[in-house]
$ cat query-v7.pdb   # PDB, C-alpha atoms
ATOM      1  CA  MET A   1      70.772  52.208 193.562
ATOM      2  CA  SER A   2      69.884  55.802 192.699
ATOM      3  CA  PRO A   3      72.238  57.830 190.488
ATOM      4  CA  HIS A   4      73.515  59.910 193.409
ATOM      5  CA  GLU A   5      74.164  57.000 195.798
ATOM      6  CA  ASP A   6      77.203  55.596 193.961
ATOM      7  CA  ALA A   7      80.250  57.498 195.193
ATOM      8  CA  ARG A   8      82.409  56.626 192.175
ATOM      9  CA  TYR A   9      81.643  58.372 188.906
ATOM     10  CA  VAL A  10      83.457  58.940 185.625
ATOM     11  CA  GLN A  11      83.101  62.142 183.585
ATOM     12  CA  ARG A  12      81.871  61.468 180.042
ATOM     13  CA  PHE A  13      80.319  64.727 178.787
ATOM     14  CA  ASP A  14      81.158  68.338 179.573
ATOM     15  CA  ARG A  15      78.733  71.221 179.996
ATOM     16  CA  TYR A  16      78.853  72.080 176.284
ATOM     17  CA  HIS A  17      77.661  68.600 175.299
ATOM     18  CA  ARG A  18      74.898  68.615 177.887
ATOM     19  CA  ILE A  19      73.573  72.034 176.882
ATOM     20  CA  THR A  20      73.689  71.375 173.151
ATOM     21  CA  HIS A  21      72.003  68.000 173.581
ATOM     22  CA  GLY A  22      69.271  69.623 175.664
ATOM     23  CA  LEU A  23      68.684  72.294 173.030
ATOM     24  CA  LEU A  24      68.767  69.677 170.280
ATOM     25  CA  MET A  25      66.214  67.536 172.102
ATOM     26  CA  LEU A  26      63.845  70.391 172.934
ATOM     27  CA  SER A  27      64.010  71.909 169.438
ATOM     28  CA  PHE A  28      63.405  68.517 167.838
ATOM     29  CA  LEU A  29      60.387  67.852 170.044
ATOM     30  CA  GLY A  30      59.059  71.306 169.183
ATOM     31  CA  LEU A  31      59.575  70.672 165.469
ATOM     32  CA  ALA A  32      57.828  67.304 165.717
ATOM     33  CA  ALA A  33      54.876  68.621 167.741
ATOM     34  CA  THR A  34      54.287  71.532 165.357
ATOM     35  CA  GLY A  35      55.329  69.847 162.117
ATOM     36  CA  LEU A  36      53.021  66.835 162.356
ATOM     37  CA  PRO A  37      49.773  68.874 162.413
ATOM     38  CA  LEU A  38      51.087  70.958 159.509
ATOM     39  CA  ARG A  39      52.037  67.847 157.536
ATOM     40  CA  PHE A  40      48.659  66.178 158.168
ATOM     41  CA  SER A  41      46.553  69.324 158.344
ATOM     42  CA  GLY A  42      43.531  67.544 156.855
ATOM     43  CA  ALA A  43      43.326  64.995 159.676
ATOM     44  CA  PRO A  44      40.898  65.677 162.548
ATOM     45  CA  TRP A  45      43.582  65.157 165.208
ATOM     46  CA  ALA A  46      45.836  67.733 163.519
ATOM     47  CA  TYR A  47      43.328  70.492 164.211
ATOM     48  CA  TYR A  48      43.223  69.704 167.924
ATOM     49  CA  LEU A  49      47.012  69.391 168.178
ATOM     50  CA  SER A  50      47.503  72.721 166.410
ATOM     51  CA  ARG A  51      45.111  74.317 168.897
ATOM     52  CA  VAL A  52      47.664  73.607 171.628
ATOM     53  CA  PHE A  53      49.873  76.190 169.920
ATOM     54  CA  GLY A  54      47.054  78.585 169.082
ATOM     55  CA  GLY A  55      46.190  77.317 165.616
ATOM     56  CA  PHE A  56      47.976  76.308 162.434
ATOM     57  CA  GLU A  57      49.489  79.733 161.818
ATOM     58  CA  THR A  58      50.994  79.954 165.288
ATOM     59  CA  ALA A  59      52.172  76.352 165.030
ATOM     60  CA  GLY A  60      54.047  77.354 161.889
ATOM     61  CA  THR A  61      55.698  80.241 163.725
ATOM     62  CA  VAL A  62      56.760  77.970 166.594
ATOM     63  CA  HIS A  63      58.009  75.439 164.038
ATOM     64  CA  ARG A  64      60.285  77.996 162.431
ATOM     65  CA  ALA A  65      61.507  79.256 165.818
ATOM     66  CA  CYS A  66      62.493  75.699 166.787
ATOM     67  CA  ALA A  67      64.226  75.360 163.420
ATOM     68  CA  VAL A  68      66.326  78.455 164.173
ATOM     69  CA  VAL A  69      67.401  76.957 167.515
ATOM     70  CA  LEU A  70      68.343  73.683 165.831
ATOM     71  CA  ILE A  71      70.344  75.454 163.127
ATOM     72  CA  ILE A  72      72.218  77.499 165.747
ATOM     73  CA  VAL A  73      73.083  74.318 167.665
ATOM     74  CA  PHE A  74      74.308  72.677 164.461
ATOM     75  CA  ILE A  75      76.458  75.667 163.493
ATOM     76  CA  ALA A  76      77.908  75.815 167.017
ATOM     77  CA  HIS A  77      78.774  72.128 166.800
ATOM     78  CA  ILE A  78      80.471  72.546 163.432
ATOM     79  CA  GLY A  79      82.378  75.515 164.833
ATOM     80  CA  ARG A  80      83.618  73.445 167.749
ATOM     81  CA  LEU A  81      84.765  70.674 165.410
ATOM     82  CA  VAL A  82      86.671  73.192 163.281
ATOM     83  CA  ARG A  83      88.284  74.659 166.395
ATOM     84  CA  ARG A  84      89.390  71.223 167.587
ATOM     85  CA  ALA A  85      90.887  70.359 164.216
ATOM     86  CA  VAL A  86      92.433  73.707 163.207
ATOM     87  CA  VAL A  87      93.249  75.486 166.465
ATOM     88  CA  GLU A  88      93.736  72.691 168.982
ATOM     89  CA  LYS A  89      95.180  70.226 166.441
ATOM     90  CA  ASP A  90      93.081  67.483 168.024
ATOM     91  CA  TYR A  91      92.936  64.894 165.265
ATOM     92  CA  SER A  92      91.519  62.184 167.516
ATOM     93  CA  MET A  93      88.090  63.355 166.337
ATOM     94  CA  PHE A  94      88.811  61.813 162.931
ATOM     95  CA  TRP A  95      89.871  58.344 164.057
ATOM     96  CA  GLY A  96      90.245  56.279 167.185
ATOM     97  CA  PRO A  97      88.126  55.221 170.157
ATOM     98  CA  ALA A  98      86.825  58.735 170.918
ATOM     99  CA  SER A  99      85.894  59.493 167.295
ATOM    100  CA  MET A 100      82.389  59.533 165.882
ATOM    101  CA  VAL A 101      83.716  58.451 162.481
ATOM    102  CA  PRO A 102      82.506  54.899 161.652
ATOM    103  CA  GLN A 103      85.380  52.417 161.698
ATOM    104  CA  PRO A 104      85.884  48.724 160.856
ATOM    105  CA  GLY A 105      85.703  47.894 164.554
ATOM    106  CA  ASP A 106      82.116  49.164 164.648
ATOM    107  CA  LEU A 107      81.068  46.537 162.103
ATOM    108  CA  ARG A 108      82.779  43.821 164.132
ATOM    109  CA  GLU A 109      81.111  44.988 167.321
ATOM    110  CA  MET A 110      77.722  45.160 165.630
ATOM    111  CA  ALA A 111      78.065  41.597 164.318
ATOM    112  CA  GLN A 112      79.238  40.413 167.734
ATOM    113  CA  HIS A 113      76.371  42.268 169.398
ATOM    114  CA  PHE A 114      73.824  40.556 167.151
ATOM    115  CA  ARG A 115      75.341  37.181 168.018
ATOM    116  CA  TYR A 116      75.082  38.146 171.684
ATOM    117  CA  PHE A 117      71.378  38.926 171.222
ATOM    118  CA  VAL A 118      70.700  35.335 170.145
ATOM    119  CA  GLY A 119      72.988  33.746 172.709
ATOM    120  CA  ARG A 120      75.797  32.886 170.280
ATOM    121  CA  GLY A 121      78.614  34.835 171.899
ATOM    122  CA  PRO A 122      79.712  37.297 174.609
ATOM    123  CA  ARG A 123      78.708  40.945 174.741
ATOM    124  CA  PRO A 124      81.172  43.225 172.907
ATOM    125  CA  LYS A 125      83.577  45.274 175.003
ATOM    126  CA  PHE A 126      82.460  48.687 173.809
ATOM    127  CA  ASP A 127      84.712  51.718 173.969
ATOM    128  CA  HIS A 128      83.755  55.401 174.250
ATOM    129  CA  PHE A 129      81.123  55.366 171.499
ATOM    130  CA  THR A 130      79.067  52.411 170.297
ATOM    131  CA  TYR A 131      77.998  51.713 166.740
ATOM    132  CA  TRP A 132      74.386  52.750 167.433
ATOM    133  CA  GLU A 133      75.500  56.042 168.998
ATOM    134  CA  LYS A 134      77.475  56.819 165.859
ATOM    135  CA  PHE A 135      74.418  55.978 163.767
ATOM    136  CA  ASP A 136      72.351  58.432 165.827
ATOM    137  CA  TYR A 137      75.019  61.101 165.437
ATOM    138  CA  TRP A 138      75.281  60.845 161.662
ATOM    139  CA  ALA A 139      71.508  60.647 161.306
ATOM    140  CA  VAL A 140      71.399  64.199 162.683
ATOM    141  CA  PHE A 141      73.945  65.313 160.074
ATOM    142  CA  TRP A 142      71.884  63.723 157.314
ATOM    143  CA  GLY A 143      68.740  65.318 158.684
ATOM    144  CA  MET A 144      70.242  68.778 158.936
ATOM    145  CA  PHE A 145      71.197  68.836 155.269
ATOM    146  CA  VAL A 146      68.141  67.044 153.892
ATOM    147  CA  ILE A 147      65.347  68.164 156.215
ATOM    148  CA  GLY A 148      66.968  71.483 157.076
ATOM    149  CA  GLY A 149      67.869  72.313 153.497
ATOM    150  CA  SER A 150      64.408  71.522 152.156
ATOM    151  CA  GLY A 151      62.839  73.404 155.061
ATOM    152  CA  LEU A 152      64.806  76.542 154.245
ATOM    153  CA  MET A 153      63.660  76.300 150.632
ATOM    154  CA  LEU A 154      60.035  76.215 151.769
ATOM    155  CA  TRP A 155      60.622  79.030 154.268
ATOM    156  CA  PHE A 156      62.301  81.367 151.772
ATOM    157  CA  PRO A 157      60.816  80.455 148.380
ATOM    158  CA  GLY A 158      61.427  83.917 146.920
ATOM    159  CA  PHE A 159      65.163  83.683 147.461
ATOM    160  CA  PHE A 160      65.566  80.084 146.292
ATOM    161  CA  ALA A 161      63.373  80.676 143.227
ATOM    162  CA  HIS A 162      66.307  82.603 141.768
ATOM    163  CA  VAL A 163      68.637  79.592 141.950
ATOM    164  CA  VAL A 164      66.455  76.464 141.557
ATOM    165  CA  PRO A 165      63.683  75.524 139.111
ATOM    166  CA  GLY A 166      60.051  75.538 140.193
ATOM    167  CA  TRP A 167      59.708  71.766 140.369
ATOM    168  CA  ALA A 168      62.421  71.696 143.069
ATOM    169  CA  PHE A 169      59.918  73.135 145.559
ATOM    170  CA  ASN A 170      57.594  70.180 145.011
ATOM    171  CA  VAL A 171      60.532  67.867 145.694
ATOM    172  CA  ALA A 172      61.451  69.905 148.770
ATOM    173  CA  MET A 173      57.892  69.622 150.098
ATOM    174  CA  LEU A 174      57.934  65.845 149.646
ATOM    175  CA  VAL A 175      61.434  65.363 151.030
ATOM    176  CA  HIS A 176      60.872  67.626 154.025
ATOM    177  CA  GLY A 177      57.725  65.851 155.117
ATOM    178  CA  GLU A 178      58.808  62.268 154.481
ATOM    179  CA  GLU A 179      62.297  62.591 155.941
ATOM    180  CA  ALA A 180      60.947  64.418 158.995
ATOM    181  CA  LEU A 181      58.370  61.674 159.499
ATOM    182  CA  LEU A 182      61.148  59.093 159.253
ATOM    183  CA  ALA A 183      63.202  61.016 161.825
ATOM    184  CA  VAL A 184      60.272  61.202 164.250
ATOM    185  CA  GLY A 185      59.638  57.469 163.849
ATOM    186  CA  PHE A 186      63.299  56.663 164.471
ATOM    187  CA  ILE A 187      63.621  58.891 167.535
ATOM    188  CA  PHE A 188      60.503  57.544 169.215
ATOM    189  CA  THR A 189      61.389  53.901 168.564
ATOM    190  CA  VAL A 190      65.118  53.130 168.246
ATOM    191  CA  HIS A 191      66.581  56.144 170.054
ATOM    192  CA  PHE A 192      63.851  56.117 172.702
ATOM    193  CA  PHE A 193      64.548  52.451 173.399
ATOM    194  CA  ASN A 194      68.317  52.949 173.653
ATOM    195  CA  GLY A 195      68.022  55.989 175.895
ATOM    196  CA  HIS A 196      65.060  55.059 178.037
ATOM    197  CA  ILE A 197      63.659  51.557 178.094
ATOM    198  CA  ARG A 198      66.689  49.325 177.736
ATOM    199  CA  PRO A 199      66.445  47.036 180.791
ATOM    200  CA  GLU A 200      69.768  48.252 182.178
ATOM    201  CA  LYS A 201      68.797  51.919 181.690
ATOM    202  CA  PHE A 202      65.084  52.000 182.487
ATOM    203  CA  PRO A 203      63.461  54.464 182.987
ATOM    204  CA  MET A 204      66.181  56.557 181.290
ATOM    205  CA  ASP A 205      69.915  56.999 180.843
ATOM    206  CA  LEU A 206      70.868  60.173 182.707
ATOM    207  CA  VAL A 207      74.487  60.432 181.572
ATOM    208  CA  ILE A 208      73.790  63.036 178.875
ATOM    209  CA  PHE A 209      72.052  65.225 181.474
ATOM    210  CA  THR A 210      74.498  64.786 184.367
ATOM    211  CA  GLY A 211      77.613  64.271 182.230
ATOM    212  CA  ARG A 212      78.715  61.497 184.591
ATOM    213  CA  MET A 213      78.420  57.723 184.565
ATOM    214  CA  PRO A 214      78.631  55.522 187.663
ATOM    215  CA  ARG A 215      81.858  53.539 187.705
ATOM    216  CA  HIS A 216      79.977  50.250 187.991
ATOM    217  CA  GLU A 217      78.089  51.053 184.760
ATOM    218  CA  LEU A 218      81.345  51.789 182.951
ATOM    219  CA  GLU A 219      82.733  48.453 184.133
ATOM    220  CA  LYS A 220      79.650  46.639 182.879
ATOM    221  CA  GLU A 221      78.775  48.447 179.652
ATOM    222  CA  ARG A 222      82.085  49.798 178.286
ATOM    223  CA  GLN A 223      84.759  47.363 179.269
ATOM    224  CA  GLY A 224      86.877  48.379 176.281
ATOM    225  CA  GLU A 225      86.934  51.995 177.389
ATOM    226  CA  LEU A 226      87.691  51.065 180.980
ATOM    227  CA  ALA A 227      90.614  48.877 179.923
ATOM    228  CA  ARG A 228      91.968  51.575 177.580
ATOM    229  CA  LEU A 229      91.729  54.388 180.140
ATOM    230  CA  THR A 230      93.360  52.198 182.777
ATOM    231  CA  ALA A 231      96.203  51.244 180.436
ATOM    232  CA  GLU A 232      96.750  54.894 179.474
ATOM    233  CA  GLY A 233      96.668  56.007 183.107
ATOM    234  CA  ARG A 234      93.843  58.447 182.396
ATOM    235  CA  LEU A 235      91.054  56.918 184.459
ATOM    236  CA  GLY A 236      91.950  58.829 187.618
ATOM    237  CA  ALA A 237      91.782  62.174 185.822
ATOM    238  CA  LEU A 238      88.215  61.418 184.722
ATOM    239  CA  GLU A 239      86.931  60.443 188.154
ATOM    240  CA  ALA A 240      84.193  62.778 189.339
ATOM    241  CA  SER A 241      81.939  63.308 192.304
ATOM    242  CA  PRO A 242      78.319  62.133 192.119
ATOM    243  CA  PRO A 243      75.958  64.535 190.340
ATOM    244  CA  LYS A 244      73.968  66.773 192.611
ATOM    245  CA  PRO A 245      70.417  65.552 193.325
ATOM    246  CA  PHE A 246      69.103  68.765 191.747
ATOM    247  CA  VAL A 247      70.876  67.951 188.464
ATOM    248  CA  VAL A 248      69.491  64.399 188.536
ATOM    249  CA  THR A 249      65.969  65.708 189.151
ATOM    250  CA  VAL A 250      66.200  68.243 186.323
ATOM    251  CA  GLY A 251      67.587  65.551 184.019
ATOM    252  CA  ARG A 252      64.692  63.261 184.792
ATOM    253  CA  ARG A 253      62.184  66.044 184.218
ATOM    254  CA  ILE A 254      63.702  67.002 180.870
ATOM    255  CA  GLY A 255      64.197  63.397 179.833
ATOM    256  CA  THR A 256      60.575  62.607 180.591
ATOM    257  CA  LEU A 257      59.535  65.129 177.928
TER     258      LEU A 257
END
$ encode --input "query-v7.pdb" --output "structure tokens"
Amino acid sequence: MSPHEDARYVQRFDRYHRITHGLLMLSFLGLAATGLPLRFSGAPWAYYLSRVFGGFETAGTVHRACAVVLIIVFIAHIGRLVRRAVVEKDYSMFWGPASMVPQPGDLREMAQHFRYFVGRGPRPKFDHFTYWEKFDYWAVFWGMFVIGGSGLMLWFPGFFAHVVPGWAFNVAMLVHGEEALLAVGFIFTVHFFNGHIRPEKFPMDLVIFTGRMPRHELEKERQGELARLTAEGRLGALEASPPKPFVVTVGRRIGTL
């Protein structure tokens, strides 16, 4: 069944989430494509990859431009969190089923999920966010401070030389390259598997691009959320029409990148 053939959908992400995820994904891919040839500039393949961007110097410029986009997305996200907490008084972001904060239930679900993998128990009844989605989310936070912070030091050495000792730049160079390499490895293995090649999602999960999940997928994959929304009487308010074929096509094109 194609994504636009199921008449019953549930809204999971709004336009803000879809846009910021798209910018996050594109900026990360740009950083990876330009950062790898800079990190391994002595390798033969690095020369040819840098030529795609017009050479090492231009690759560096594109790398910094992608970094600016990523920083803007991160600041916008932090701003939205502050608005929810301070202005809207929405404290559900700190705890509960719709929170990205790790909770004891995530450990229980992870243990139950591992038992399910080896045929020792049922599949957990996941709610709005799973334990691996929270791991992905906080990995970005870690990366922004570690990779982003070290990257800014290398970008503006004159400024940071006034506040940190010289050896800190050597540490920044090491941390920036190794942590970025770790992030690239994680994205193209764990995250790629979860978002694209899981049997039930192959060839990709379109929910982050369309913002909507087919009702039958919610019933199968997030039974905890379905039961909670039904009990709270909120399921009807989240029902949505199928995504337009154009949106599905664009999502597949972007996701294929």
$ resolve_selection --input "query-v7.pdb" --expression "the PyMOL selection byres ((chain A and resi 217-222) around 8)" --output "PDB file with C-alpha atoms, in the coordinates of the input"
ATOM      1  CA  VAL A  10      83.457  58.940 185.625  1.00  0.00           C
ATOM      2  CA  LYS A 125      83.577  45.274 175.003  1.00  0.00           C
ATOM      3  CA  PHE A 126      82.460  48.687 173.809  1.00  0.00           C
ATOM      4  CA  ASP A 127      84.712  51.718 173.969  1.00  0.00           C
ATOM      5  CA  HIS A 128      83.755  55.401 174.250  1.00  0.00           C
ATOM      6  CA  MET A 213      78.420  57.723 184.565  1.00  0.00           C
ATOM      7  CA  PRO A 214      78.631  55.522 187.663  1.00  0.00           C
ATOM      8  CA  ARG A 215      81.858  53.539 187.705  1.00  0.00           C
ATOM      9  CA  HIS A 216      79.977  50.250 187.991  1.00  0.00           C
ATOM     10  CA  GLN A 223      84.759  47.363 179.269  1.00  0.00           C
ATOM     11  CA  GLY A 224      86.877  48.379 176.281  1.00  0.00           C
ATOM     12  CA  GLU A 225      86.934  51.995 177.389  1.00  0.00           C
ATOM     13  CA  LEU A 226      87.691  51.065 180.980  1.00  0.00           C
TER      14      LEU A 226
END
$ closest_atom_pairs --input "query-v7.pdb" --of "stretch 4-102 of chain A" --to "stretch 142-166 of chain A" --cutoff "8 Å" --atoms "all atoms listed in the file" --output "JSON lines"
{"residue": "A:Ala67", "atom": "CA", "partner": "A:Gly148", "partner_atom": "CA", "distance": 7.9}
{"residue": "A:Ile71", "atom": "CA", "partner": "A:Met144", "partner_atom": "CA", "distance": 7.9}
{"residue": "A:Phe74", "atom": "CA", "partner": "A:Met144", "partner_atom": "CA", "distance": 7.9}
$ write_last_selection --input "query-v7.pdb" --atoms "C-alpha atoms" --output "CSV table (one decimal), in the frame of the given file"
chain,number,residue,atom,x,y,z
A,67,ALA,CA,64.2,75.4,163.4
A,71,ILE,CA,70.3,75.5,163.1
A,74,PHE,CA,74.3,72.7,164.5
$ resolve_selection --input "query-v7.pdb" --expression "the PyMOL selection byres ((chain A and resi 241) around 8)" --output "ChimeraX atom specification"
/A:7-9,239-240,242-243
$ resolve_selection --input "query-v7.pdb" --expression "the PyMOL selection byres ((chain A and resi 56) around 10)" --output "list in words"
Thr34, Gly35, Pro37, Leu38, Ser41, Ala46, Tyr47, Tyr48, Leu49, Ser50, Arg51, Val52, Phe53, Gly54, Gly55, Glu57, Thr58, Ala59, Gly60, Thr61 and Val62 of chain A
$ write_last_selection --input "query-v7.pdb" --atoms "C-alpha atoms" --output "PDB file, keeping the file's coordinate frame"
ATOM      1  CA  THR A  34      54.287  71.532 165.357  1.00  0.00           C
ATOM      2  CA  GLY A  35      55.329  69.847 162.117  1.00  0.00           C
ATOM      3  CA  PRO A  37      49.773  68.874 162.413  1.00  0.00           C
ATOM      4  CA  LEU A  38      51.087  70.958 159.509  1.00  0.00           C
ATOM      5  CA  SER A  41      46.553  69.324 158.344  1.00  0.00           C
ATOM      6  CA  ALA A  46      45.836  67.733 163.519  1.00  0.00           C
ATOM      7  CA  TYR A  47      43.328  70.492 164.211  1.00  0.00           C
ATOM      8  CA  TYR A  48      43.223  69.704 167.924  1.00  0.00           C
ATOM      9  CA  LEU A  49      47.012  69.391 168.178  1.00  0.00           C
ATOM     10  CA  SER A  50      47.503  72.721 166.410  1.00  0.00           C
ATOM     11  CA  ARG A  51      45.111  74.317 168.897  1.00  0.00           C
ATOM     12  CA  VAL A  52      47.664  73.607 171.628  1.00  0.00           C
ATOM     13  CA  PHE A  53      49.873  76.190 169.920  1.00  0.00           C
ATOM     14  CA  GLY A  54      47.054  78.585 169.082  1.00  0.00           C
ATOM     15  CA  GLY A  55      46.190  77.317 165.616  1.00  0.00           C
ATOM     16  CA  GLU A  57      49.489  79.733 161.818  1.00  0.00           C
ATOM     17  CA  THR A  58      50.994  79.954 165.288  1.00  0.00           C
ATOM     18  CA  ALA A  59      52.172  76.352 165.030  1.00  0.00           C
ATOM     19  CA  GLY A  60      54.047  77.354 161.889  1.00  0.00           C
ATOM     20  CA  THR A  61      55.698  80.241 163.725  1.00  0.00           C
ATOM     21  CA  VAL A  62      56.760  77.970 166.594  1.00  0.00           C
TER      22      VAL A  62
END
$ closest_residue --input "query-v7.pdb" --among "A:Arg234, A:Arg39, A:Arg123, A:Arg252" --to "A:Ala180" --atoms "all atoms listed in the file"
A:Arg39
$ closest_residue --input "query-v7.pdb" --among "A:Leu174, A:Gly42, A:Phe246, A:Asp136" --to "A:Phe192" --atoms "all atoms listed in the file"
A:Asp136
$ residues_near_point --input "query-v7.pdb" --point "(60.2, 68.3, 170.2)" --cutoff "12 Å" --atoms "only C-alpha atoms" --output "VMD selection string"
chain A and resid 22 to 36 62 to 63 65 to 67 69 to 70 180 183 to 184 187 to 188 254 to 257
$ closest_residue --input "query-v7.pdb" --among "A:Ala98, A:Ala237, A:Val118, A:Val87" --to "A:Thr130" --atoms "all atoms listed in the file"
A:Ala98
$ residues_around --input "query-v7.pdb" --residues "A:Gly121" --least-positions-apart "6" --cutoff "12 Å" --atoms "all atoms listed in the file" --output "ChimeraX atom specification"
/A:109,111-115
$ atom_distance --input "query-v7.pdb" --atom1 "atom CA of A:Lys134" --atom2 "atom CA of A:Met100"
5.6 Å
$ residues_around --input "query-v7.pdb" --residues "A:Arg12" --least-positions-apart "4" --cutoff "8 Å" --atoms "all atoms listed in the file" --output "ChimeraX atom specification"
/A:207,211-213,238
$ atom_distance --input "query-v7.pdb" --atom1 "atom CA of A:Arg18" --atom2 "atom CA of A:Leu81"
16.0 Å
$ residues_around --input "query-v7.pdb" --residues "A:His77" --least-positions-apart "5" --cutoff "9 Å" --atoms "only C-alpha atoms" --output "list in words"
Thr20, Ile72 and Val82 of chain A
$ axis_aligned_box --input "query-v7.pdb" --around "stretch 187-200 of chain A" --padding-each-side "3 Å" --output "JSON"
{"center_x": 65.1, "center_y": 53.0, "center_z": 174.9, "size_x": 15.3, "size_y": 17.9, "size_z": 20.6}
$ atom_distance --input "query-v7.pdb" --atom1 "atom CA of A:Gly195" --atom2 "atom CA of A:Glu179"
21.8 Å
$ closest_residue --input "query-v7.pdb" --among "A:Val171, A:Ala85, A:His176, A:Phe186" --to "A:Ala139" --atoms "only C-alpha atoms"
A:Phe186
$ closest_residue --input "query-v7.pdb" --among "A:Val140, A:Leu206, A:Ala43, A:Ala168" --to "A:Leu182" --atoms "only C-alpha atoms"
A:Val140
$ residues_near_point --input "query-v7.pdb" --point "(90.1, 62.0, 171.1)" --cutoff "12 Å" --atoms "all atoms listed in the file" --output "ChimeraX atom specification"
/A:81,84-85,88-101,127-129,229
$ closest_residue --input "query-v7.pdb" --among "A:Gln103, A:Thr210, A:Thr249, A:Thr230" --to "A:His21" --atoms "all atoms listed in the file"
A:Thr210
